[in-house]
Every structure is written in C-alpha cells, then in structure tokens.
Amino acid sequence: MIAEYLSELTARLEDQLGDRLVAAWVVGSSALGDFDELRSDVDVQAVSSTRLSRPELERLAGALSHESLPCPARGLEFVLYAQEDLTDPNGPAFSLNLNTGPRMDHHAGYDPEAEPRFWFTLDVSIASQQSRRLAGRPAEAVLPPLPRELVIEAAKEALEFWREYDRGQAILSACRAWAWAVEGRWLSKGEAAAWATARLGDPAPVAKALARRADPEAPEPTAGEFAAVIAQAAR
C-alpha cells in the first residue's frame, strides 16, 4: 500500500510541477529502515527549480492532501523547497510544509518564518545521507552541505522541544544527535538507541524510551533519567 501511495504521490508532483521538479525522495523512517505502519509517518521532500506562486502551492497542497490522496499510514509529512532557498543562512526555508493524514492534524504552511526552522535543518541534513529517490536526481546531488554548527544548534533546539513534549522522544533524539556528532552519520532512532546503550553507564532510560515509543501508555522516563542521557550526549 505504501509503494502504491508513493507512486501516485510522485505522479501528482510531476503533474503539478512539470519540468520544475528537480527531485523528490522519501526520508525519515521509511528511508532509515525503521518504518512502522501503526506509528510512522510517510516523509517526503521535493525540490523545485524555482519558487512557486502561492496559488500553485495551494493547488499542490490540495492534490496531496489526505482528502484527495488518502494516506495509508498515520499521515504524510511533505516539504517542498525551492532550490535557491536550501542555502538560507538560517537553515533551509520551505515553500510548502504539509502535514495531512488520518491520524494527524492537517496543516499547510507557506511561511518558513512562521515555523521553527530547526526541524527542516535536521531533515535536510538527514536526507543528504539517507533517502530513497522517487524522481529526479538523488538527494546527495541536490542538497547542499549544511554547516556543522547550524546542525548542532538545530539538534539542541529539537531536544528542548521534545523535553517539554515527551521525554522518551527527547532521549531517542539525543541518542541520534549524539551518534551523528561522534560518527558523522545519521542513524534511525532504533539504531541510535542501540549505539548509545553501548556507551551509557546506565542504559535503563533508553530502554524506557524505546518501550514508550512502542506503547504510548508506557511510563515516561523521569526528568532525572532524561538529564543523565542529555549530559552524556552533551559531553
């Protein structure tokens, strides 16, 4: 079902953008080998050769929305970048940020200044290493290398977000950022958890974070457990 969905999504991208579509690829858990149909999103990025007008972006959002193209997973997270906006000094600036799906609040964003930029910095950094091509050129040939300092700052901002929202997710994000900082490569959250477990004196907080990821009703790691993992990652 996911393959058929992505095939139709790609066809609609090509129909809407025509020869302005530079490339499109799958990112996130689908590309990192950690996809779970019950909890994972379908994450897709695309790049256009020029900026699209607002009406064009709205038509694209409509063509990819769940009402028009039912998503068989939790939802679709789709981001379109104009090629010239990938090198914004504050981090990649999107043209369209679309969240849509049966278990996801619908959101269509057109203003990159109105949304936290760190998500897009991290997603582009990850995609440059780990993606699955849908159309056009591969991600590593299209996406510019991002400054290490920019990615580190984005990782810190993501941890602050997750700290307030879900300490389990925060721990897994910390493991992944830690592994990237040391190894220079992005791992899936499951792989990063295993990587960090081998380096922690007390792996219990990571085990608890993984259990909560599998079952949202499982106990959340305590503030102290979160702090212990973050301190190790920071060092």
# chains A, B, ... in the order shown; residues from 1 in each chain; ligands from 1
>>> residues_around(residues="range 20-30 of chain A", least_positions_apart="3", cutoff="9 Å", atoms="only C-alpha atoms", output="PDB file with C-alpha atoms, in the first residue's frame")
ATOM      1  CA  LEU A   6       4.183   6.941  -3.118  1.00  0.00           C
ATOM      2  CA  THR A  10       5.097  11.156  -7.302  1.00  0.00           C
ATOM      3  CA  LEU A  13       4.131  16.015  -8.054  1.00  0.00           C
ATOM      4  CA  GLU A  14       5.239  15.588 -11.667  1.00  0.00           C
ATOM      5  CA  GLN A  16       1.800  19.838 -10.705  1.00  0.00           C
ATOM      6  CA  LEU A  17       5.432  20.914 -11.152  1.00  0.00           C
ATOM      7  CA  GLY A  33      14.652   1.174   7.750  1.00  0.00           C
ATOM      8  CA  ASP A  34      12.597   1.952  10.863  1.00  0.00           C
ATOM      9  CA  PHE A  35       9.106   2.319   9.373  1.00  0.00           C
ATOM     10  CA  ASP A  36       6.090   1.051  11.305  1.00  0.00           C
ATOM     11  CA  SER A  40       5.242   6.102  11.448  1.00  0.00           C
ATOM     12  CA  ASP A  41       4.597   8.965   9.062  1.00  0.00           C
ATOM     13  CA  VAL A  42       5.394   8.945   5.366  1.00  0.00           C
ATOM     14  CA  ASP A  43       8.053  11.657   4.979  1.00  0.00           C
ATOM     15  CA  VAL A  44       8.703  13.106   1.525  1.00  0.00           C
ATOM     16  CA  GLN A  45      10.855  16.031   0.410  1.00  0.00           C
ATOM     17  CA  ALA A  46      10.873  17.631  -3.023  1.00  0.00           C
ATOM     18  CA  VAL A  47      12.857  20.429  -4.647  1.00  0.00           C
ATOM     19  CA  SER A  48      11.677  22.783  -7.379  1.00  0.00           C
ATOM     20  CA  SER A  49      13.986  24.679  -9.711  1.00  0.00           C
ATOM     21  CA  THR A  50      12.154  27.961  -8.983  1.00  0.00           C
ATOM     22  CA  LEU A  80       8.798  21.397  -0.871  1.00  0.00           C
ATOM     23  CA  GLN A  83      16.436  25.176  -4.876  1.00  0.00           C
ATOM     24  CA  ASP A 123      15.538  16.835   7.947  1.00  0.00           C
ATOM     25  CA  ILE A 126      19.463  13.568   7.344  1.00  0.00           C
ATOM     26  CA  ALA A 127      18.144  13.413   3.768  1.00  0.00           C
ATOM     27  CA  GLN A 130      19.735   8.781   3.989  1.00  0.00           C
ATOM     28  CA  SER A 131      16.942   8.981   1.435  1.00  0.00           C
ATOM     29  CA  ARG A 132      15.167   6.914  -1.190  1.00  0.00           C
ATOM     30  CA  ARG A 133      14.723   8.586  -4.568  1.00  0.00           C
ATOM     31  CA  LEU A 134      11.258   8.939  -6.077  1.00  0.00           C
ATOM     32  CA  ALA A 135      12.007  11.244  -9.017  1.00  0.00           C
ATOM     33  CA  GLY A 136      14.840  13.263 -10.481  1.00  0.00           C
ATOM     34  CA  ARG A 137      18.326  13.431  -9.040  1.00  0.00           C
ATOM     35  CA  PRO A 138      19.377  11.756  -5.770  1.00  0.00           C
ATOM     36  CA  ALA A 139      19.254  13.878  -2.626  1.00  0.00           C
ATOM     37  CA  VAL A 142      20.845  18.248  -4.870  1.00  0.00           C
ATOM     38  CA  SER A 188      17.401   5.551  12.742  1.00  0.00           C
ATOM     39  CA  LYS A 189      16.145   6.137  16.277  1.00  0.00           C
TER      40      LYS A 189
END
>>> select_by_dssp(residues="chain A", states="strand (DSSP E or B)", output="mmCIF file with C-alpha atoms, in the first residue's frame")
data_model
loop_
_atom_site.group_PDB
_atom_site.id
_atom_site.type_symbol
_atom_site.label_atom_id
_atom_site.label_comp_id
_atom_site.auth_asym_id
_atom_site.auth_seq_id
_atom_site.Cartn_x
_atom_site.Cartn_y
_atom_site.Cartn_z
ATOM 1 C CA LEU A 21 10.551 19.306 -10.362
ATOM 2 C CA VAL A 22 14.260 18.832 -9.695
ATOM 3 C CA ALA A 23 13.866 15.784 -7.459
ATOM 4 C CA ALA A 24 11.778 14.063 -4.821
ATOM 5 C CA TRP A 25 12.705 11.446 -2.266
ATOM 6 C CA VAL A 26 11.445 9.577 0.773
ATOM 7 C CA VAL A 27 13.136 10.417 4.075
ATOM 8 C CA VAL A 42 5.394 8.945 5.366
ATOM 9 C CA ASP A 43 8.053 11.657 4.979
ATOM 10 C CA VAL A 44 8.703 13.106 1.525
ATOM 11 C CA GLN A 45 10.855 16.031 0.410
ATOM 12 C CA ALA A 46 10.873 17.631 -3.023
ATOM 13 C CA VAL A 47 12.857 20.429 -4.647
ATOM 14 C CA SER A 48 11.677 22.783 -7.379
ATOM 15 C CA LEU A 76 2.105 12.409 5.252
ATOM 16 C CA GLU A 77 4.755 14.972 6.112
ATOM 17 C CA PHE A 78 5.634 16.642 2.826
ATOM 18 C CA VAL A 79 8.032 19.543 2.354
ATOM 19 C CA LEU A 80 8.798 21.397 -0.871
ATOM 20 C CA TYR A 81 11.887 23.582 -1.167
ATOM 21 C CA ALA A 82 12.828 25.940 -3.968
ATOM 22 C CA LEU A 96 5.289 24.340 1.428
ATOM 23 C CA ASN A 97 5.127 22.354 4.649
ATOM 24 C CA LEU A 98 2.175 19.970 4.507
ATOM 25 C CA ASN A 99 1.015 17.612 7.250
ATOM 26 C CA THR A 100 -2.034 15.552 6.364
ATOM 27 C CA GLY A 101 -3.407 12.153 7.224
ATOM 28 C CA MET A 104 -2.564 13.765 12.025
ATOM 29 C CA ASP A 105 -3.773 17.352 12.353
ATOM 30 C CA HIS A 106 -3.963 18.931 8.910
ATOM 31 C CA HIS A 107 -1.532 21.781 8.388
ATOM 32 C CA ALA A 108 -0.406 23.608 5.259
ATOM 33 C CA GLY A 109 2.355 26.130 5.928
ATOM 34 C CA ARG A 132 15.167 6.914 -1.190
ATOM 35 C CA ARG A 133 14.723 8.586 -4.568
ATOM 36 C CA LEU A 134 11.258 8.939 -6.077
ATOM 37 C CA ALA A 135 12.007 11.244 -9.017
ATOM 38 C CA GLY A 136 14.840 13.263 -10.481
#
>>> closest_residue(among="A:Ala73, A:Ala114, A:Ala198, A:Ala170", to="Ala155 in chain A", atoms="only C-alpha atoms")
A:Ala170
>>> atom_distance(atom1="CA of Pro112 in chain A", atom2="CA of Leu86 in chain A")
11.7 Å
>>> closest_residue(among="A:Arg51, A:Arg59, A:Arg185, A:Arg167", to="Val206 in chain A", atoms="only C-alpha atoms")
A:Arg167
>>> closest_residue(among="A:Gly62, A:Pro89, A:Gly18, A:Gly168", to="Phe226 in chain A", atoms="only C-alpha atoms")
A:Gly168
>>> closest_atom_pairs(of="range 101-189 of chain A", to="range 216-225 of chain A", cutoff="12 Å", atoms="only C-alpha atoms", output="CSV")
residue,atom,partner,partner_atom,distance
A:Arg163,CA,A:Ala223,CA,8.8
A:Glu164,CA,A:Ala223,CA,10.4
A:Tyr165,CA,A:Glu220,CA,10.9
A:Asp166,CA,A:Glu220,CA,7.6
A:Arg167,CA,A:Pro221,CA,6.1
A:Gly168,CA,A:Pro221,CA,5.9
A:Gln169,CA,A:Glu220,CA,9.4
A:Ala170,CA,A:Pro221,CA,9.6
A:Ile171,CA,A:Pro221,CA,8.5
A:Leu172,CA,A:Pro221,CA,11.1
>>> write_last_selection(atoms="C-alpha atoms", output="PDB file, in the first residue's frame")
ATOM      1  CA  ARG A 163      11.887  17.893  26.627  1.00  0.00           C
ATOM      2  CA  GLU A 164       8.574  19.743  27.030  1.00  0.00           C
ATOM      3  CA  TYR A 165       6.557  17.364  24.865  1.00  0.00           C
ATOM      4  CA  ASP A 166       7.792  13.801  25.508  1.00  0.00           C
ATOM      5  CA  ARG A 167      10.952  12.857  27.418  1.00  0.00           C
ATOM      6  CA  GLY A 168      11.009   9.453  25.729  1.00  0.00           C
ATOM      7  CA  GLN A 169      11.223  11.036  22.295  1.00  0.00           C
ATOM      8  CA  ALA A 170      13.758  13.505  23.704  1.00  0.00           C
ATOM      9  CA  ILE A 171      16.035  10.667  24.803  1.00  0.00           C
ATOM     10  CA  LEU A 172      15.852   8.965  21.410  1.00  0.00           C
TER      11      LEU A 172
END
>>> residues_around(residues="Ala233 in chain A", least_positions_apart="3", cutoff="8 Å", atoms="only C-alpha atoms", output="PyMOL selection string")
chain A and resi 174-175+177-178+229-230
>>> atom_distance(atom1="CA of Asn90 in chain A", atom2="CA of Ala192 in chain A")
26.7 Å
>>> residues_around(residues="Glu191 in chain A", least_positions_apart="4", cutoff="9 Å", atoms="only C-alpha atoms", output="PyMOL selection string")
chain A and resi 34+176+187+195-196
>>> closest_residue(among="A:Pro116, A:Gly190, A:Pro92, A:Pro70", to="Met1 in chain A", atoms="only C-alpha atoms")
A:Pro70
>>> atom_distance(atom1="CA of Leu210 in chain A", atom2="CA of Ser173 in chain A")
11.3 Å
>>> select_by_dssp(residues="range 2-234 of chain A", states="alpha helix (DSSP H)", output="PyMOL selection string")
chain A and resi 2-17+29-32+54-64+118-127+139-142+148-165+167-183+189-197+204-214+223-234
>>> closest_residue(among="A:Ser125, A:Leu143, A:Phe118, A:Ser68", to="Thr87 in chain A", atoms="only C-alpha atoms")
A:Leu143
